[in-house]
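Notes follow once the structure below has been shown.
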Amino acid sequence: MRSAPDDISDTLGSLAIFADLSRPELERVAHTLEERYFAQDERVLREGLSGSAFYIILEGEAAVIAGGKRVNTLARGDFFGEVSVLLGEAPVADIVAARPLRCLVLPGELLKEFLQTNPRVCYRILVAEARKLANVTRRGG
């Protein structure tokens, strides 16, 4: 069951990467994203196969599994898939629904235009990516 765009707009406004957008901007973004559900244990992305979309978690939890080992957990407000789409490379990890997962999805071919059209969202994503890189660097891996 697809949520109404107004509900999606409200939800987007509560997520960090969309916090700088006005109500009309949130409504416009809500219309560009597709809602998808994944059952517990369902694989969303597969390591080594082509990534084709940008995912934003609205509800649930996802496990990040690299080389057969769980390396991270993603939850509400987290996103994934952007690196493989932007680089045109296969995902470096599996993403598996650890609990039932509700996501908003943007097809990969629309990501570049989406980021250029929404520079404040692009900036928030860039900050989040920088934070991830800093954390990996601090851990030494």
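The way I read the labels, and the way they are meant: chains A, B, ... in the order of the structure tokens, residue 1 as the first residue of every chain, and ligand 1 as the first ligand shown, with later ones counted on from there.
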Out of chain A, which residues get strand (DSSP E or B) from DSSP, as a ChimeraX atom specification? /A:34-38,43-45,53-59,62-66,69-74,79-80,94-97,101-107
Quick one: write out the picked residues with N, CA and C atoms as a short mmCIF file (atom, residue, chain, number, x, y, z; two decimals), in the first residue's frame?
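Resulting contents of selection-v9.cif:
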data_model
loop_
_atom_site.label_atom_id
_atom_site.label_comp_id
_atom_site.auth_asym_id
_atom_site.auth_seq_id
_atom_site.Cartn_x
_atom_site.Cartn_y
_atom_site.Cartn_z
N GLU A 34 9.79 6.58 -5.06
CA GLU A 34 8.87 5.45 -5.06
C GLU A 34 9.00 4.70 -3.74
N GLU A 35 7.89 4.29 -3.18
CA GLU A 35 7.91 3.56 -1.91
C GLU A 35 8.08 2.06 -2.19
N ARG A 36 8.98 1.42 -1.42
CA ARG A 36 9.20 -0.03 -1.57
C ARG A 36 9.28 -0.67 -0.20
N TYR A 37 8.80 -1.89 -0.14
CA TYR A 37 8.83 -2.66 1.10
C TYR A 37 9.66 -3.91 0.88
N PHE A 38 10.41 -4.31 1.90
CA PHE A 38 11.23 -5.52 1.84
C PHE A 38 10.94 -6.33 3.10
N ARG A 43 17.06 -9.62 0.52
CA ARG A 43 18.24 -8.88 0.07
C ARG A 43 17.80 -7.72 -0.81
N VAL A 44 18.28 -6.53 -0.47
CA VAL A 44 17.94 -5.32 -1.23
C VAL A 44 19.01 -5.06 -2.28
N LEU A 45 20.27 -5.13 -1.89
CA LEU A 45 21.41 -5.00 -2.81
C LEU A 45 22.33 -6.20 -2.62
N ALA A 53 19.92 1.93 -7.71
CA ALA A 53 19.03 2.89 -7.10
C ALA A 53 19.61 3.45 -5.81
N PHE A 54 19.01 4.55 -5.37
CA PHE A 54 19.33 5.23 -4.12
C PHE A 54 18.16 4.97 -3.17
N TYR A 55 18.45 4.42 -2.00
CA TYR A 55 17.42 4.02 -1.04
C TYR A 55 17.52 4.86 0.22
N ILE A 56 16.37 5.27 0.75
CA ILE A 56 16.30 5.99 2.01
C ILE A 56 15.38 5.19 2.93
N ILE A 57 15.87 4.83 4.11
CA ILE A 57 15.09 4.00 5.02
C ILE A 57 14.10 4.87 5.80
N LEU A 58 12.82 4.49 5.72
CA LEU A 58 11.78 5.16 6.48
C LEU A 58 11.43 4.40 7.75
N GLU A 59 11.43 3.07 7.66
CA GLU A 59 11.12 2.22 8.80
C GLU A 59 11.90 0.94 8.67
N ALA A 62 18.30 -2.45 8.35
CA ALA A 62 19.00 -3.21 7.33
C ALA A 62 20.40 -3.55 7.81
N ALA A 63 20.85 -4.73 7.48
CA ALA A 63 22.21 -5.16 7.79
C ALA A 63 23.08 -4.93 6.57
N VAL A 64 24.28 -4.40 6.82
CA VAL A 64 25.28 -4.24 5.77
C VAL A 64 26.26 -5.39 5.95
N ILE A 65 26.36 -6.24 4.93
CA ILE A 65 27.18 -7.44 5.02
C ILE A 65 28.23 -7.41 3.91
N ALA A 66 29.49 -7.35 4.31
CA ALA A 66 30.60 -7.32 3.35
C ALA A 66 31.50 -8.52 3.60
N LYS A 69 30.44 -10.89 6.36
CA LYS A 69 30.46 -10.43 7.75
C LYS A 69 29.61 -9.16 7.90
N ARG A 70 28.77 -9.12 8.93
CA ARG A 70 27.96 -7.93 9.19
C ARG A 70 28.87 -6.81 9.67
N VAL A 71 28.89 -5.71 8.92
CA VAL A 71 29.80 -4.60 9.24
C VAL A 71 29.09 -3.35 9.71
N ASN A 72 27.77 -3.29 9.53
CA ASN A 72 27.03 -2.10 9.95
C ASN A 72 25.55 -2.41 9.97
N THR A 73 24.81 -1.55 10.65
CA THR A 73 23.35 -1.63 10.68
C THR A 73 22.82 -0.26 10.29
N LEU A 74 21.83 -0.25 9.41
CA LEU A 74 21.21 1.00 8.95
C LEU A 74 19.78 1.05 9.47
N PHE A 79 20.66 6.01 4.45
CA PHE A 79 20.47 5.78 3.02
C PHE A 79 21.61 4.92 2.50
N PHE A 80 21.38 4.31 1.35
CA PHE A 80 22.40 3.45 0.75
C PHE A 80 22.15 3.34 -0.75
N ASP A 94 26.40 -6.49 0.66
CA ASP A 94 24.99 -6.85 0.60
C ASP A 94 24.25 -5.94 1.56
N ILE A 95 23.04 -5.58 1.20
CA ILE A 95 22.14 -4.90 2.13
C ILE A 95 20.95 -5.84 2.28
N VAL A 96 20.70 -6.27 3.51
CA VAL A 96 19.64 -7.24 3.79
C VAL A 96 18.71 -6.66 4.86
N ALA A 97 17.41 -6.80 4.66
CA ALA A 97 16.45 -6.33 5.65
C ALA A 97 16.59 -7.16 6.92
N LEU A 101 11.41 -3.75 6.15
CA LEU A 101 12.02 -2.48 5.75
C LEU A 101 11.08 -1.72 4.82
N ARG A 102 10.90 -0.45 5.11
CA ARG A 102 10.13 0.45 4.24
C ARG A 102 11.09 1.52 3.78
N CYS A 103 11.24 1.64 2.46
CA CYS A 103 12.20 2.59 1.89
C CYS A 103 11.53 3.47 0.85
N LEU A 104 12.15 4.61 0.62
CA LEU A 104 11.86 5.40 -0.56
C LEU A 104 13.02 5.16 -1.51
N VAL A 105 12.70 5.02 -2.78
CA VAL A 105 13.70 4.63 -3.76
C VAL A 105 13.69 5.62 -4.92
N LEU A 106 14.89 6.01 -5.33
CA LEU A 106 15.06 6.84 -6.51
C LEU A 106 15.89 6.03 -7.50
N PRO A 107 15.35 5.78 -8.70
CA PRO A 107 16.13 5.03 -9.70
C PRO A 107 17.46 5.72 -9.96
#
Rank nothing, just name the residue among A:Ala39, A:Val85, A:Ala16, A:Val136 nearest to Glu109 in chain A, using only C-alpha atoms. A:Val85
Quick one: residues within 9 Å of Gly51 in chain A, only C-alpha atoms counted, chain neighbours fewer than 5 positions away excluded, as a PyMOL selection string? chain A and resi 45-46+81-85+88-91+108
Could you find all residues in range 5-139 of chain A that DSSP calls helix (DSSP H, G or I) from the backbone, and write them as a ChimeraX atom specification? /A:5-13,16-18,23-32,82-87,108-117,119-139
Would you save the residues from that selection as a PDB file, in the first residue's frame, using C-alpha atoms?
ATOM      1  CA  PRO A   5       2.342  12.102  -0.914  1.00  0.00           C
ATOM      2  CA  ASP A   6       1.401  14.349   2.048  1.00  0.00           C
ATOM      3  CA  ASP A   7       2.364  11.556   4.465  1.00  0.00           C
ATOM      4  CA  ILE A   8       5.628  11.026   2.594  1.00  0.00           C
ATOM      5  CA  SER A   9       6.334  14.786   2.697  1.00  0.00           C
ATOM      6  CA  ASP A  10       5.835  14.823   6.471  1.00  0.00           C
ATOM      7  CA  THR A  11       8.117  11.823   6.873  1.00  0.00           C
ATOM      8  CA  LEU A  12      10.801  13.322   4.620  1.00  0.00           C
ATOM      9  CA  GLY A  13      10.765  16.545   6.634  1.00  0.00           C
ATOM     10  CA  ALA A  16      18.142  14.768   8.510  1.00  0.00           C
ATOM     11  CA  ILE A  17      19.017  14.772   4.792  1.00  0.00           C
ATOM     12  CA  PHE A  18      15.778  16.633   3.962  1.00  0.00           C
ATOM     13  CA  ARG A  23       7.131  22.218   2.430  1.00  0.00           C
ATOM     14  CA  PRO A  24       6.722  22.754  -1.365  1.00  0.00           C
ATOM     15  CA  GLU A  25      10.208  21.273  -1.929  1.00  0.00           C
ATOM     16  CA  LEU A  26       9.363  18.267   0.261  1.00  0.00           C
ATOM     17  CA  GLU A  27       6.163  17.703  -1.726  1.00  0.00           C
ATOM     18  CA  ARG A  28       8.086  17.894  -5.018  1.00  0.00           C
ATOM     19  CA  VAL A  29      10.677  15.400  -3.745  1.00  0.00           C
ATOM     20  CA  ALA A  30       7.938  13.081  -2.428  1.00  0.00           C
ATOM     21  CA  HIS A  31       6.547  12.832  -5.954  1.00  0.00           C
ATOM     22  CA  THR A  32       9.925  11.762  -7.381  1.00  0.00           C
ATOM     23  CA  GLU A  82      24.335   6.080  -3.785  1.00  0.00           C
ATOM     24  CA  VAL A  83      28.001   5.117  -4.026  1.00  0.00           C
ATOM     25  CA  SER A  84      27.497   2.348  -6.587  1.00  0.00           C
ATOM     26  CA  VAL A  85      25.112   4.540  -8.612  1.00  0.00           C
ATOM     27  CA  LEU A  86      27.436   7.563  -8.606  1.00  0.00           C
ATOM     28  CA  LEU A  87      30.545   5.527  -9.408  1.00  0.00           C
ATOM     29  CA  GLY A 108      19.841   5.421 -10.305  1.00  0.00           C
ATOM     30  CA  GLU A 109      19.469   7.179 -13.636  1.00  0.00           C
ATOM     31  CA  LEU A 110      17.612  10.008 -11.837  1.00  0.00           C
ATOM     32  CA  LEU A 111      20.097  10.472  -8.976  1.00  0.00           C
ATOM     33  CA  LYS A 112      22.449  12.973 -10.659  1.00  0.00           C
ATOM     34  CA  GLU A 113      19.590  15.269 -11.696  1.00  0.00           C
ATOM     35  CA  PHE A 114      17.965  14.862  -8.255  1.00  0.00           C
ATOM     36  CA  LEU A 115      21.169  15.946  -6.498  1.00  0.00           C
ATOM     37  CA  GLN A 116      21.685  18.891  -8.866  1.00  0.00           C
ATOM     38  CA  THR A 117      18.075  20.000  -8.398  1.00  0.00           C
ATOM     39  CA  PRO A 119      21.663  21.144  -3.591  1.00  0.00           C
ATOM     40  CA  ARG A 120      20.786  21.268   0.128  1.00  0.00           C
ATOM     41  CA  VAL A 121      20.005  17.547   0.085  1.00  0.00           C
ATOM     42  CA  CYS A 122      23.225  16.961  -1.866  1.00  0.00           C
ATOM     43  CA  TYR A 123      25.148  18.881   0.812  1.00  0.00           C
ATOM     44  CA  ARG A 124      23.574  16.833   3.632  1.00  0.00           C
ATOM     45  CA  ILE A 125      24.443  13.597   1.811  1.00  0.00           C
ATOM     46  CA  LEU A 126      28.010  14.836   1.306  1.00  0.00           C
ATOM     47  CA  VAL A 127      28.328  15.579   5.041  1.00  0.00           C
ATOM     48  CA  ALA A 128      26.993  12.105   5.884  1.00  0.00           C
ATOM     49  CA  GLU A 129      29.484  10.517   3.451  1.00  0.00           C
ATOM     50  CA  ALA A 130      32.331  12.528   4.992  1.00  0.00           C
ATOM     51  CA  ARG A 131      31.253  11.327   8.455  1.00  0.00           C
ATOM     52  CA  LYS A 132      31.255   7.682   7.264  1.00  0.00           C
ATOM     53  CA  LEU A 133      34.743   8.115   5.768  1.00  0.00           C
ATOM     54  CA  ALA A 134      36.043   9.741   8.958  1.00  0.00           C
ATOM     55  CA  ASN A 135      34.661   6.878  11.064  1.00  0.00           C
ATOM     56  CA  VAL A 136      36.254   4.248   8.828  1.00  0.00           C
ATOM     57  CA  THR A 137      39.548   6.141   8.904  1.00  0.00           C
ATOM     58  CA  ARG A 138      39.473   6.379  12.711  1.00  0.00           C
ATOM     59  CA  ARG A 139      38.823   2.629  12.984  1.00  0.00           C
TER      60      ARG A 139
END
